[in-house]
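K.L.:
Just data.txt, nothing more (compact mmCIF, N, CA and C atoms):
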```
# COMPACT_ATOMS: atom_id res chain seq x y z
N MET A 8 85.40 -10.28 -136.03
CA MET A 8 86.53 -10.91 -135.40
C MET A 8 86.04 -12.03 -134.50
N LYS A 9 86.69 -13.14 -134.54
CA LYS A 9 86.32 -14.31 -133.76
C LYS A 9 86.65 -14.09 -132.29
N THR A 10 85.73 -14.43 -131.39
CA THR A 10 86.00 -14.28 -129.95
C THR A 10 86.57 -15.57 -129.40
N ARG A 11 87.28 -15.46 -128.30
CA ARG A 11 87.89 -16.62 -127.67
C ARG A 11 86.86 -17.37 -126.84
N PRO A 12 86.98 -18.69 -126.78
CA PRO A 12 86.09 -19.47 -125.91
C PRO A 12 86.27 -19.05 -124.45
N SER A 13 85.24 -19.21 -123.65
CA SER A 13 85.29 -18.77 -122.26
C SER A 13 86.21 -19.61 -121.38
N ARG A 14 86.66 -20.79 -121.84
CA ARG A 14 87.51 -21.66 -121.03
C ARG A 14 88.95 -21.18 -120.97
N ILE A 15 89.36 -20.26 -121.80
CA ILE A 15 90.74 -19.79 -121.83
C ILE A 15 91.02 -18.96 -120.58
N VAL A 16 92.14 -19.23 -119.93
CA VAL A 16 92.49 -18.52 -118.71
C VAL A 16 93.43 -17.38 -119.07
N VAL A 17 92.85 -16.30 -119.60
CA VAL A 17 93.58 -15.09 -119.96
C VAL A 17 92.67 -13.93 -119.61
N THR A 18 93.22 -12.89 -118.99
CA THR A 18 92.40 -11.72 -118.71
C THR A 18 93.01 -10.52 -119.41
N ARG A 19 92.18 -9.61 -119.78
CA ARG A 19 92.63 -8.38 -120.44
C ARG A 19 92.36 -7.20 -119.50
N LYS A 20 93.29 -6.27 -119.46
CA LYS A 20 93.12 -5.07 -118.65
C LYS A 20 92.11 -4.12 -119.28
N SER A 21 92.02 -4.13 -120.61
CA SER A 21 91.05 -3.27 -121.29
C SER A 21 90.46 -4.03 -122.46
N GLY A 22 89.41 -3.52 -123.00
CA GLY A 22 88.74 -4.18 -124.11
C GLY A 22 89.36 -3.87 -125.45
N ARG A 23 90.35 -3.00 -125.49
CA ARG A 23 90.96 -2.63 -126.77
C ARG A 23 91.85 -3.74 -127.27
N GLN A 24 91.55 -4.28 -128.42
CA GLN A 24 92.33 -5.36 -129.03
C GLN A 24 93.64 -4.81 -129.57
N GLY A 25 94.74 -5.25 -129.02
CA GLY A 25 96.05 -4.91 -129.56
C GLY A 25 96.50 -3.49 -129.27
N ALA A 26 95.80 -2.78 -128.40
CA ALA A 26 96.19 -1.40 -128.09
C ALA A 26 97.55 -1.39 -127.41
N GLY A 27 98.37 -0.44 -127.76
CA GLY A 27 99.66 -0.29 -127.13
C GLY A 27 100.63 -1.41 -127.45
N VAL A 28 100.51 -2.00 -128.61
CA VAL A 28 101.37 -3.12 -128.98
C VAL A 28 102.83 -2.67 -128.99
N ALA A 29 103.68 -3.44 -128.32
CA ALA A 29 105.11 -3.16 -128.30
C ALA A 29 105.84 -4.30 -128.98
N ILE A 30 106.79 -4.00 -129.79
CA ILE A 30 107.60 -5.01 -130.43
C ILE A 30 108.96 -4.99 -129.74
N ILE A 31 109.39 -6.13 -129.23
CA ILE A 31 110.62 -6.20 -128.46
C ILE A 31 111.81 -5.67 -129.25
N ARG A 32 111.90 -6.00 -130.53
CA ARG A 32 113.06 -5.59 -131.32
C ARG A 32 113.17 -4.08 -131.48
N SER A 33 112.05 -3.34 -131.29
CA SER A 33 112.10 -1.90 -131.46
C SER A 33 112.46 -1.17 -130.16
N ARG A 34 112.57 -1.89 -129.08
CA ARG A 34 112.94 -1.27 -127.82
C ARG A 34 114.41 -0.88 -127.84
N PRO A 35 114.75 0.20 -127.13
CA PRO A 35 116.16 0.55 -127.05
C PRO A 35 116.93 -0.53 -126.29
N ARG A 36 118.17 -0.72 -126.67
CA ARG A 36 119.02 -1.70 -126.00
C ARG A 36 119.22 -1.26 -124.55
N PRO A 37 119.04 -2.20 -123.59
CA PRO A 37 119.24 -1.81 -122.19
C PRO A 37 120.71 -1.48 -121.93
N ARG A 38 120.92 -0.65 -120.92
CA ARG A 38 122.28 -0.34 -120.51
C ARG A 38 123.00 -1.60 -120.11
N GLN A 39 124.27 -1.62 -120.39
CA GLN A 39 125.07 -2.79 -120.00
C GLN A 39 125.09 -2.87 -118.47
N ASP A 40 124.82 -4.06 -117.96
CA ASP A 40 124.76 -4.32 -116.53
C ASP A 40 125.86 -5.33 -116.21
N SER A 41 126.94 -4.86 -115.59
CA SER A 41 128.10 -5.74 -115.38
C SER A 41 127.78 -6.91 -114.46
N ALA A 42 126.96 -6.71 -113.44
CA ALA A 42 126.60 -7.82 -112.55
C ALA A 42 125.80 -8.88 -113.31
N ARG A 43 124.86 -8.42 -114.11
CA ARG A 43 124.04 -9.36 -114.89
C ARG A 43 124.89 -10.05 -115.95
N GLU A 44 125.76 -9.32 -116.62
CA GLU A 44 126.66 -9.92 -117.62
C GLU A 44 127.52 -11.01 -116.97
N HIS A 45 128.02 -10.72 -115.78
CA HIS A 45 128.86 -11.70 -115.07
C HIS A 45 128.05 -12.95 -114.72
N ARG A 46 126.83 -12.75 -114.20
CA ARG A 46 125.98 -13.89 -113.84
C ARG A 46 125.67 -14.74 -115.07
N ILE A 47 125.33 -14.09 -116.17
CA ILE A 47 125.01 -14.84 -117.39
C ILE A 47 126.23 -15.60 -117.89
N SER A 48 127.38 -14.96 -117.89
CA SER A 48 128.57 -15.63 -118.43
C SER A 48 129.10 -16.73 -117.52
N THR A 49 128.85 -16.62 -116.20
CA THR A 49 129.38 -17.65 -115.29
C THR A 49 128.35 -18.70 -114.88
N GLU A 50 127.06 -18.41 -115.03
CA GLU A 50 126.03 -19.37 -114.62
C GLU A 50 125.19 -19.91 -115.77
N VAL A 51 125.08 -19.16 -116.84
CA VAL A 51 124.16 -19.56 -117.91
C VAL A 51 124.89 -20.13 -119.11
N VAL A 52 125.77 -19.36 -119.68
CA VAL A 52 126.44 -19.78 -120.92
C VAL A 52 127.90 -20.17 -120.70
N VAL A 53 128.26 -20.44 -119.47
CA VAL A 53 129.62 -20.86 -119.16
C VAL A 53 129.95 -22.13 -119.95
N ASP A 54 131.10 -22.18 -120.56
CA ASP A 54 131.56 -23.34 -121.34
C ASP A 54 130.67 -23.68 -122.54
N ALA A 55 129.85 -22.72 -122.99
CA ALA A 55 129.01 -22.96 -124.18
C ALA A 55 129.77 -22.47 -125.41
N TYR A 56 130.02 -23.39 -126.32
CA TYR A 56 130.83 -23.06 -127.49
C TYR A 56 130.03 -22.85 -128.76
N ASP A 57 128.75 -23.18 -128.73
CA ASP A 57 127.93 -22.96 -129.93
C ASP A 57 126.50 -22.65 -129.50
N GLY A 58 125.65 -22.40 -130.48
CA GLY A 58 124.28 -22.03 -130.19
C GLY A 58 123.50 -23.08 -129.43
N ALA A 59 123.69 -24.34 -129.77
CA ALA A 59 122.97 -25.41 -129.08
C ALA A 59 123.35 -25.44 -127.61
N GLU A 60 124.61 -25.25 -127.30
CA GLU A 60 125.05 -25.27 -125.91
C GLU A 60 124.54 -24.04 -125.15
N ARG A 61 124.46 -22.88 -125.82
CA ARG A 61 123.89 -21.70 -125.18
C ARG A 61 122.41 -21.91 -124.88
N ALA A 62 121.68 -22.52 -125.83
CA ALA A 62 120.26 -22.80 -125.61
C ALA A 62 120.07 -23.76 -124.43
N ILE A 63 120.90 -24.79 -124.36
CA ILE A 63 120.82 -25.74 -123.25
C ILE A 63 121.14 -25.05 -121.93
N GLY A 64 122.13 -24.16 -121.95
CA GLY A 64 122.48 -23.42 -120.74
C GLY A 64 121.33 -22.55 -120.25
N TRP A 65 120.71 -21.82 -121.18
CA TRP A 65 119.57 -20.99 -120.80
C TRP A 65 118.41 -21.82 -120.30
N PHE A 66 118.12 -22.93 -120.98
CA PHE A 66 117.01 -23.78 -120.57
C PHE A 66 117.24 -24.29 -119.14
N GLY A 67 118.43 -24.78 -118.86
CA GLY A 67 118.74 -25.29 -117.53
C GLY A 67 118.67 -24.21 -116.47
N TYR A 68 119.21 -23.03 -116.79
CA TYR A 68 119.18 -21.91 -115.84
C TYR A 68 117.75 -21.53 -115.49
N LEU A 69 116.92 -21.38 -116.51
CA LEU A 69 115.53 -20.99 -116.27
C LEU A 69 114.75 -22.10 -115.56
N GLU A 70 114.97 -23.33 -115.98
CA GLU A 70 114.27 -24.46 -115.36
C GLU A 70 114.60 -24.56 -113.87
N ASP A 71 115.86 -24.27 -113.51
CA ASP A 71 116.29 -24.33 -112.11
C ASP A 71 115.77 -23.17 -111.27
N ARG A 72 115.57 -22.00 -111.88
CA ARG A 72 115.26 -20.80 -111.10
C ARG A 72 113.81 -20.35 -111.13
N LEU A 73 113.07 -20.70 -112.17
CA LEU A 73 111.67 -20.29 -112.23
C LEU A 73 110.84 -21.16 -111.29
N GLU A 74 110.07 -20.53 -110.44
CA GLU A 74 109.21 -21.24 -109.49
C GLU A 74 107.78 -21.15 -110.02
N PHE A 75 107.24 -22.30 -110.42
CA PHE A 75 105.92 -22.38 -111.03
C PHE A 75 104.88 -22.78 -109.99
N PRO A 76 103.64 -22.37 -110.19
CA PRO A 76 103.16 -21.44 -111.20
C PRO A 76 103.40 -20.00 -110.74
N PHE A 77 103.38 -19.08 -111.70
CA PHE A 77 103.41 -17.65 -111.39
C PHE A 77 102.57 -16.93 -112.42
N THR A 78 102.12 -15.74 -112.06
CA THR A 78 101.33 -14.95 -113.00
C THR A 78 102.25 -13.97 -113.71
N ALA A 79 101.88 -13.68 -114.94
CA ALA A 79 102.69 -12.78 -115.76
C ALA A 79 101.78 -11.95 -116.65
N LYS A 80 102.31 -10.84 -117.09
CA LYS A 80 101.59 -9.93 -117.98
C LYS A 80 102.32 -9.89 -119.31
N CYS A 81 101.56 -9.91 -120.39
CA CYS A 81 102.15 -9.79 -121.72
C CYS A 81 102.53 -8.33 -121.96
N VAL A 82 103.80 -8.11 -122.33
CA VAL A 82 104.30 -6.76 -122.55
C VAL A 82 104.70 -6.51 -124.00
N ALA A 83 104.61 -7.55 -124.83
CA ALA A 83 104.98 -7.40 -126.24
C ALA A 83 104.21 -8.40 -127.08
N GLN A 84 103.65 -7.93 -128.16
CA GLN A 84 102.95 -8.85 -129.05
C GLN A 84 103.95 -9.54 -129.96
N ARG A 85 103.75 -10.82 -130.20
CA ARG A 85 104.60 -11.60 -131.10
C ARG A 85 103.71 -12.31 -132.11
N ALA A 86 104.17 -12.43 -133.32
CA ALA A 86 103.39 -13.07 -134.38
C ALA A 86 103.15 -14.55 -134.09
N ILE A 87 104.01 -15.17 -133.31
CA ILE A 87 103.89 -16.61 -133.02
C ILE A 87 103.06 -16.90 -131.78
N SER A 88 102.47 -15.88 -131.18
CA SER A 88 101.71 -16.05 -129.95
C SER A 88 100.36 -15.33 -130.05
N PRO A 89 99.31 -15.93 -129.48
CA PRO A 89 98.01 -15.27 -129.51
C PRO A 89 97.84 -14.18 -128.45
N LEU A 90 98.82 -14.03 -127.56
CA LEU A 90 98.70 -13.05 -126.49
C LEU A 90 98.80 -11.63 -127.01
N LEU A 91 98.04 -10.76 -126.37
CA LEU A 91 98.08 -9.34 -126.68
C LEU A 91 98.64 -8.58 -125.48
N VAL A 92 99.21 -7.42 -125.73
CA VAL A 92 99.76 -6.60 -124.66
C VAL A 92 98.67 -6.37 -123.62
N GLY A 93 99.00 -6.63 -122.36
CA GLY A 93 98.06 -6.45 -121.26
C GLY A 93 97.42 -7.74 -120.79
N ASP A 94 97.47 -8.79 -121.59
CA ASP A 94 96.92 -10.08 -121.16
C ASP A 94 97.65 -10.56 -119.92
N GLU A 95 96.91 -11.12 -118.99
CA GLU A 95 97.51 -11.72 -117.80
C GLU A 95 97.32 -13.23 -117.89
N VAL A 96 98.38 -13.97 -117.63
CA VAL A 96 98.34 -15.42 -117.78
C VAL A 96 98.99 -16.08 -116.57
N GLU A 97 98.72 -17.37 -116.43
CA GLU A 97 99.39 -18.17 -115.41
C GLU A 97 100.42 -19.03 -116.12
N VAL A 98 101.68 -18.86 -115.74
CA VAL A 98 102.78 -19.63 -116.31
C VAL A 98 102.92 -20.89 -115.46
N ILE A 99 102.84 -22.06 -116.12
CA ILE A 99 102.80 -23.31 -115.35
C ILE A 99 104.07 -24.16 -115.45
N SER A 100 104.91 -23.93 -116.47
CA SER A 100 106.15 -24.70 -116.59
C SER A 100 106.97 -24.17 -117.75
N MET A 101 108.18 -24.70 -117.86
CA MET A 101 108.96 -24.47 -119.07
C MET A 101 108.33 -25.31 -120.18
N ALA A 102 108.48 -24.88 -121.41
CA ALA A 102 108.07 -25.69 -122.55
C ALA A 102 109.09 -26.84 -122.66
N PRO A 103 108.76 -27.89 -123.40
CA PRO A 103 109.73 -28.97 -123.58
C PRO A 103 111.06 -28.43 -124.14
N ALA A 104 112.15 -29.02 -123.72
CA ALA A 104 113.48 -28.56 -124.11
C ALA A 104 113.66 -28.48 -125.62
N ASP A 105 113.10 -29.43 -126.37
CA ASP A 105 113.28 -29.41 -127.82
C ASP A 105 112.58 -28.23 -128.48
N GLU A 106 111.63 -27.59 -127.78
CA GLU A 106 110.96 -26.41 -128.31
C GLU A 106 111.78 -25.14 -128.03
N CYS A 107 112.82 -25.25 -127.23
CA CYS A 107 113.60 -24.09 -126.80
C CYS A 107 114.98 -24.04 -127.46
N ALA A 108 115.10 -24.56 -128.65
CA ALA A 108 116.39 -24.57 -129.33
C ALA A 108 116.76 -23.21 -129.92
N TYR A 109 115.76 -22.33 -130.16
CA TYR A 109 116.03 -21.04 -130.78
C TYR A 109 115.50 -19.87 -129.96
N ASP A 110 114.67 -20.15 -128.99
CA ASP A 110 114.07 -19.13 -128.13
C ASP A 110 113.59 -19.85 -126.87
N MET A 111 113.44 -19.14 -125.78
CA MET A 111 112.94 -19.76 -124.56
C MET A 111 111.42 -19.59 -124.49
N PHE A 112 110.74 -20.73 -124.34
CA PHE A 112 109.29 -20.75 -124.27
C PHE A 112 108.86 -21.29 -122.92
N VAL A 113 107.73 -20.77 -122.43
CA VAL A 113 107.11 -21.28 -121.21
C VAL A 113 105.69 -21.71 -121.56
N MET A 114 105.17 -22.61 -120.74
CA MET A 114 103.80 -23.07 -120.92
C MET A 114 102.87 -22.23 -120.05
N ILE A 115 101.76 -21.79 -120.65
CA ILE A 115 100.75 -21.07 -119.89
C ILE A 115 99.48 -21.91 -119.87
N ARG A 116 98.66 -21.69 -118.85
CA ARG A 116 97.37 -22.37 -118.78
C ARG A 116 96.50 -21.83 -119.92
N TRP A 117 95.97 -22.75 -120.74
CA TRP A 117 95.25 -22.34 -121.94
C TRP A 117 94.30 -23.44 -122.36
N GLU A 118 93.05 -23.13 -122.53
CA GLU A 118 92.01 -24.07 -122.97
C GLU A 118 92.10 -25.42 -122.27
N ASN A 119 92.36 -26.50 -123.01
CA ASN A 119 92.34 -27.85 -122.44
C ASN A 119 93.71 -28.31 -121.95
N GLY A 120 94.59 -27.43 -121.67
CA GLY A 120 95.91 -27.83 -121.22
C GLY A 120 96.84 -26.64 -121.17
N GLY A 121 97.89 -26.67 -121.97
CA GLY A 121 98.86 -25.60 -121.96
C GLY A 121 99.18 -25.13 -123.36
N LEU A 122 99.81 -23.99 -123.43
CA LEU A 122 100.25 -23.41 -124.70
C LEU A 122 101.63 -22.81 -124.47
N GLY A 123 102.56 -23.07 -125.36
CA GLY A 123 103.89 -22.50 -125.25
C GLY A 123 103.94 -21.11 -125.86
N VAL A 124 104.48 -20.16 -125.11
CA VAL A 124 104.64 -18.79 -125.59
C VAL A 124 106.06 -18.32 -125.27
N PRO A 125 106.58 -17.36 -126.03
CA PRO A 125 107.93 -16.87 -125.76
C PRO A 125 108.01 -16.18 -124.40
N LEU A 126 109.01 -16.54 -123.63
CA LEU A 126 109.22 -15.90 -122.33
C LEU A 126 109.50 -14.41 -122.51
N SER A 127 110.07 -14.03 -123.63
CA SER A 127 110.43 -12.63 -123.86
C SER A 127 109.22 -11.70 -123.93
N GLN A 128 108.02 -12.24 -124.09
CA GLN A 128 106.85 -11.37 -124.13
C GLN A 128 106.15 -11.26 -122.79
N LEU A 129 106.69 -11.90 -121.76
CA LEU A 129 106.05 -11.91 -120.44
C LEU A 129 106.92 -11.28 -119.37
N ILE A 130 106.26 -10.59 -118.44
CA ILE A 130 106.91 -10.05 -117.24
C ILE A 130 106.14 -10.61 -116.05
N PRO A 131 106.84 -11.23 -115.09
CA PRO A 131 106.14 -11.75 -113.91
C PRO A 131 105.47 -10.63 -113.12
N THR A 132 104.24 -10.85 -112.71
CA THR A 132 103.54 -9.87 -111.87
C THR A 132 103.42 -10.37 -110.43
N SER A 133 103.32 -11.67 -110.27
CA SER A 133 103.25 -12.28 -108.95
C SER A 133 104.13 -13.52 -109.00
N ALA A 134 105.36 -13.37 -108.51
CA ALA A 134 106.33 -14.46 -108.61
C ALA A 134 107.39 -14.31 -107.53
N ALA A 135 108.08 -15.41 -107.26
CA ALA A 135 109.18 -15.40 -106.31
C ALA A 135 110.31 -14.51 -106.83
N PRO A 136 111.10 -13.94 -105.94
CA PRO A 136 112.21 -13.08 -106.37
C PRO A 136 113.17 -13.77 -107.36
N ALA A 137 113.49 -15.04 -107.14
CA ALA A 137 114.40 -15.75 -108.05
C ALA A 137 113.80 -15.84 -109.45
N THR A 138 112.49 -16.00 -109.53
CA THR A 138 111.81 -16.06 -110.82
C THR A 138 111.92 -14.71 -111.53
N LYS A 139 111.70 -13.64 -110.80
CA LYS A 139 111.78 -12.30 -111.39
C LYS A 139 113.19 -12.00 -111.91
N VAL A 140 114.20 -12.41 -111.15
CA VAL A 140 115.59 -12.18 -111.57
C VAL A 140 115.90 -12.99 -112.83
N ALA A 141 115.51 -14.26 -112.85
CA ALA A 141 115.80 -15.11 -114.01
C ALA A 141 115.10 -14.60 -115.27
N VAL A 142 113.85 -14.18 -115.14
CA VAL A 142 113.14 -13.64 -116.30
C VAL A 142 113.80 -12.33 -116.75
N ALA A 143 114.18 -11.50 -115.80
CA ALA A 143 114.88 -10.25 -116.14
C ALA A 143 116.21 -10.54 -116.84
N ASP A 144 116.91 -11.59 -116.42
CA ASP A 144 118.15 -11.97 -117.09
C ASP A 144 117.87 -12.33 -118.55
N TRP A 145 116.81 -13.11 -118.78
CA TRP A 145 116.46 -13.49 -120.15
C TRP A 145 116.09 -12.25 -120.96
N HIS A 146 115.30 -11.33 -120.41
CA HIS A 146 114.93 -10.10 -121.12
C HIS A 146 116.17 -9.27 -121.44
N TYR A 147 117.10 -9.22 -120.51
CA TYR A 147 118.35 -8.50 -120.73
C TYR A 147 119.11 -9.11 -121.90
N TRP A 148 119.26 -10.43 -121.91
CA TRP A 148 119.96 -11.15 -122.97
C TRP A 148 119.35 -10.81 -124.34
N VAL A 149 118.02 -10.92 -124.41
CA VAL A 149 117.31 -10.63 -125.66
C VAL A 149 117.47 -9.16 -126.03
N GLY A 150 117.32 -8.28 -125.03
CA GLY A 150 117.43 -6.84 -125.27
C GLY A 150 118.80 -6.41 -125.76
N GLN A 151 119.84 -7.12 -125.34
CA GLN A 151 121.20 -6.82 -125.80
C GLN A 151 121.44 -7.32 -127.22
N GLY A 152 120.51 -8.09 -127.75
CA GLY A 152 120.68 -8.61 -129.10
C GLY A 152 121.49 -9.89 -129.16
N TYR A 153 121.76 -10.51 -128.02
CA TYR A 153 122.51 -11.75 -128.01
C TYR A 153 121.65 -12.85 -128.62
N GLU A 154 122.31 -13.84 -129.21
CA GLU A 154 121.61 -14.95 -129.85
C GLU A 154 122.32 -16.24 -129.53
N PHE A 155 121.65 -17.36 -129.82
CA PHE A 155 122.25 -18.67 -129.59
C PHE A 155 123.30 -19.00 -130.63
N ARG A 156 123.25 -18.42 -131.82
CA ARG A 156 124.16 -18.77 -132.92
C ARG A 156 125.60 -18.77 -132.50
```
Would it be possible to restate this file's structure as structure tokens?
P.N.:
Amino acid sequence: MKTRPSRIVVTRKSGRQGAGVAIIRSRPRPRQDSAREHRISTEVVVDAYDGAERAIGWFGYLEDRLEFPFTAKCVAQRAISPLLVGDEVEVISMAPADECAYDMFVMIRWENGGLGVPLSQLIPTSAAPATKVAVADWHYWVGQGYEFR
């Protein structure tokens, strides 16, 4: 197996590759949270009539509330991301808006710059309270099975 170059800013809690891999889609649906549902419907997707407008709403909500940089831990492996469960990363910004048309991505410090990864695979470990709430809102949305369509 190929090892990662030493310049990558990712730490692993253990040496086991892929141990404890969790797939977000296999998690049980979270309990309905009326306060969170209200916040999402009145602050995030308010007046959104189609998937593109919902994506724009989420992007704006997250961009306004996430305070960068913050550290996060990978809690779910995704085929489109090199992160493994347990990896700790520094989240440095939102990914460009055009990359967030179908999922919300954030940029992490990686090699010679940044790498976009799905926000749904990260949980903030050291972040401002507003950042933790906004990320939890996104995880809730995904966990409920809501989509931009």
K.L.:
Identify, on the basis of all atoms listed in the file, every residue whose closest approach to range 120-133 of chain A does not exceed 6 Å; exclude the query and any residue fewer than 5 positions from it along the same chain; express the result as a PyMOL selection string.
P.N.:
chain A and resi 77-83+88+102+111-115+146
K.L.:
Let me see the file: selected residues, N, CA and C atoms, as a PDB file, keeping the file's coordinate frame.
P.N.:
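Written out: again.pdb:
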```pdb
ATOM      1  N   PHE A  77     103.380 -19.080-111.700  1.00  0.00           N
ATOM      2  CA  PHE A  77     103.410 -17.650-111.390  1.00  0.00           C
ATOM      3  C   PHE A  77     102.570 -16.930-112.420  1.00  0.00           C
ATOM      4  N   THR A  78     102.120 -15.740-112.060  1.00  0.00           N
ATOM      5  CA  THR A  78     101.330 -14.950-113.000  1.00  0.00           C
ATOM      6  C   THR A  78     102.250 -13.970-113.710  1.00  0.00           C
ATOM      7  N   ALA A  79     101.880 -13.680-114.940  1.00  0.00           N
ATOM      8  CA  ALA A  79     102.690 -12.780-115.760  1.00  0.00           C
ATOM      9  C   ALA A  79     101.780 -11.950-116.650  1.00  0.00           C
ATOM     10  N   LYS A  80     102.310 -10.840-117.090  1.00  0.00           N
ATOM     11  CA  LYS A  80     101.590  -9.930-117.980  1.00  0.00           C
ATOM     12  C   LYS A  80     102.320  -9.890-119.310  1.00  0.00           C
ATOM     13  N   CYS A  81     101.560  -9.910-120.390  1.00  0.00           N
ATOM     14  CA  CYS A  81     102.150  -9.790-121.720  1.00  0.00           C
ATOM     15  C   CYS A  81     102.530  -8.330-121.960  1.00  0.00           C
ATOM     16  N   VAL A  82     103.800  -8.110-122.330  1.00  0.00           N
ATOM     17  CA  VAL A  82     104.300  -6.760-122.550  1.00  0.00           C
ATOM     18  C   VAL A  82     104.700  -6.510-124.000  1.00  0.00           C
ATOM     19  N   ALA A  83     104.610  -7.550-124.830  1.00  0.00           N
ATOM     20  CA  ALA A  83     104.980  -7.400-126.240  1.00  0.00           C
ATOM     21  C   ALA A  83     104.210  -8.400-127.080  1.00  0.00           C
ATOM     22  N   SER A  88     102.470 -15.880-131.180  1.00  0.00           N
ATOM     23  CA  SER A  88     101.710 -16.050-129.950  1.00  0.00           C
ATOM     24  C   SER A  88     100.360 -15.330-130.050  1.00  0.00           C
ATOM     25  N   ALA A 102     108.480 -24.880-121.410  1.00  0.00           N
ATOM     26  CA  ALA A 102     108.070 -25.690-122.550  1.00  0.00           C
ATOM     27  C   ALA A 102     109.090 -26.840-122.660  1.00  0.00           C
ATOM     28  N   MET A 111     113.440 -19.140-125.780  1.00  0.00           N
ATOM     29  CA  MET A 111     112.940 -19.760-124.560  1.00  0.00           C
ATOM     30  C   MET A 111     111.420 -19.590-124.490  1.00  0.00           C
ATOM     31  N   PHE A 112     110.740 -20.730-124.340  1.00  0.00           N
ATOM     32  CA  PHE A 112     109.290 -20.750-124.270  1.00  0.00           C
ATOM     33  C   PHE A 112     108.860 -21.290-122.920  1.00  0.00           C
ATOM     34  N   VAL A 113     107.730 -20.770-122.430  1.00  0.00           N
ATOM     35  CA  VAL A 113     107.110 -21.280-121.210  1.00  0.00           C
ATOM     36  C   VAL A 113     105.690 -21.710-121.560  1.00  0.00           C
ATOM     37  N   MET A 114     105.170 -22.610-120.740  1.00  0.00           N
ATOM     38  CA  MET A 114     103.800 -23.070-120.920  1.00  0.00           C
ATOM     39  C   MET A 114     102.870 -22.230-120.050  1.00  0.00           C
ATOM     40  N   ILE A 115     101.760 -21.790-120.650  1.00  0.00           N
ATOM     41  CA  ILE A 115     100.750 -21.070-119.890  1.00  0.00           C
ATOM     42  C   ILE A 115      99.480 -21.910-119.870  1.00  0.00           C
ATOM     43  N   HIS A 146     115.300 -11.330-120.410  1.00  0.00           N
ATOM     44  CA  HIS A 146     114.930 -10.100-121.120  1.00  0.00           C
ATOM     45  C   HIS A 146     116.170  -9.270-121.440  1.00  0.00           C
TER      46      HIS A 146
END
```
K.L.:
For CA of Gly58 in chain A and atom N of Leu90 in chain A, determine how far apart the two atoms are, in Å to one decimal place.
P.N.:
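Atom N of Leu90 in chain A lies at a distance of 26.8 Å from CA of Gly58 in chain A.
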K.L.:
In Å, with one decimal, what is the gap from CA of Met101 in chain A to CA of Arg38 in chain A?
P.N.:
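Between these atoms lies a distance of 27.6 Å.
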K.L.:
What does the structure give for the distance between atom N of Ile87 in chain A and CA of Ala55 in chain A, in Å to one decimal?
P.N.:
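Between these atoms lies a distance of 27.7 Å.
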K.L.:
Looking at all atoms listed in the file, which of A:Gly152, A:Pro35, A:Asp40, A:Trp65 is the one that sits closest to Val52 in chain A?
P.N.:
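So, comparing all the options, the nearest one is A:Trp65.
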K.L.:
Neighbours of Ala62 in chain A within 6.5 Å (all atoms listed in the file; same-chain residues fewer than 4 positions away dropped), as a ChimeraX atom specification?
P.N.:
/A:57-58,66-67,107-109,155
K.L.:
Restricting the output to N, CA and C atoms, write the selected residues as a PDB file, in the coordinates of the input.
P.N.:
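Contents of the output file result29.pdb:
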```
ATOM      1  N   ASP A  57     128.750 -23.180-128.730  1.00  0.00           N
ATOM      2  CA  ASP A  57     127.930 -22.960-129.930  1.00  0.00           C
ATOM      3  C   ASP A  57     126.500 -22.650-129.500  1.00  0.00           C
ATOM      4  N   GLY A  58     125.650 -22.400-130.480  1.00  0.00           N
ATOM      5  CA  GLY A  58     124.280 -22.030-130.190  1.00  0.00           C
ATOM      6  C   GLY A  58     123.500 -23.080-129.430  1.00  0.00           C
ATOM      7  N   PHE A  66     118.120 -22.930-120.980  1.00  0.00           N
ATOM      8  CA  PHE A  66     117.010 -23.780-120.570  1.00  0.00           C
ATOM      9  C   PHE A  66     117.240 -24.290-119.140  1.00  0.00           C
ATOM     10  N   GLY A  67     118.430 -24.780-118.860  1.00  0.00           N
ATOM     11  CA  GLY A  67     118.740 -25.290-117.530  1.00  0.00           C
ATOM     12  C   GLY A  67     118.670 -24.210-116.470  1.00  0.00           C
ATOM     13  N   CYS A 107     112.820 -25.250-127.230  1.00  0.00           N
ATOM     14  CA  CYS A 107     113.600 -24.090-126.800  1.00  0.00           C
ATOM     15  C   CYS A 107     114.980 -24.040-127.460  1.00  0.00           C
ATOM     16  N   ALA A 108     115.100 -24.560-128.650  1.00  0.00           N
ATOM     17  CA  ALA A 108     116.390 -24.570-129.330  1.00  0.00           C
ATOM     18  C   ALA A 108     116.760 -23.210-129.920  1.00  0.00           C
ATOM     19  N   TYR A 109     115.760 -22.330-130.160  1.00  0.00           N
ATOM     20  CA  TYR A 109     116.030 -21.040-130.780  1.00  0.00           C
ATOM     21  C   TYR A 109     115.500 -19.870-129.960  1.00  0.00           C
ATOM     22  N   PHE A 155     121.650 -17.360-129.820  1.00  0.00           N
ATOM     23  CA  PHE A 155     122.250 -18.670-129.590  1.00  0.00           C
ATOM     24  C   PHE A 155     123.300 -19.000-130.630  1.00  0.00           C
TER      25      PHE A 155
END
```
K.L.:
Box along x, y and z, 5 Å on every side, all listed atoms of range 125-136 of chain A inside: centre and edge lengths in Å to one decimal, as lines of an AutoDock Vina configuration file.
P.N.:
```
center_x = 108.2
center_y = -13.6
center_z = -116.0
size_x = 19.9
size_y = 17.5
size_z = 30.1
```
K.L.:
Going by DSSP on the backbone, which bits of range 69-141 of chain A are strand (DSSP E or B)? Write them as number ranges by chain, please.
P.N.:
A: 77-81, 95-101, 112-117, 120-125, 129-133
K.L.:
Could you tell me which of A:Val140, A:Tyr56, A:Ile63, A:Glu118 comes closest to Glu106 in chain A if we count only C-alpha atoms?
P.N.:
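Of all the options, A:Ile63 lies closest to Glu106 in chain A.
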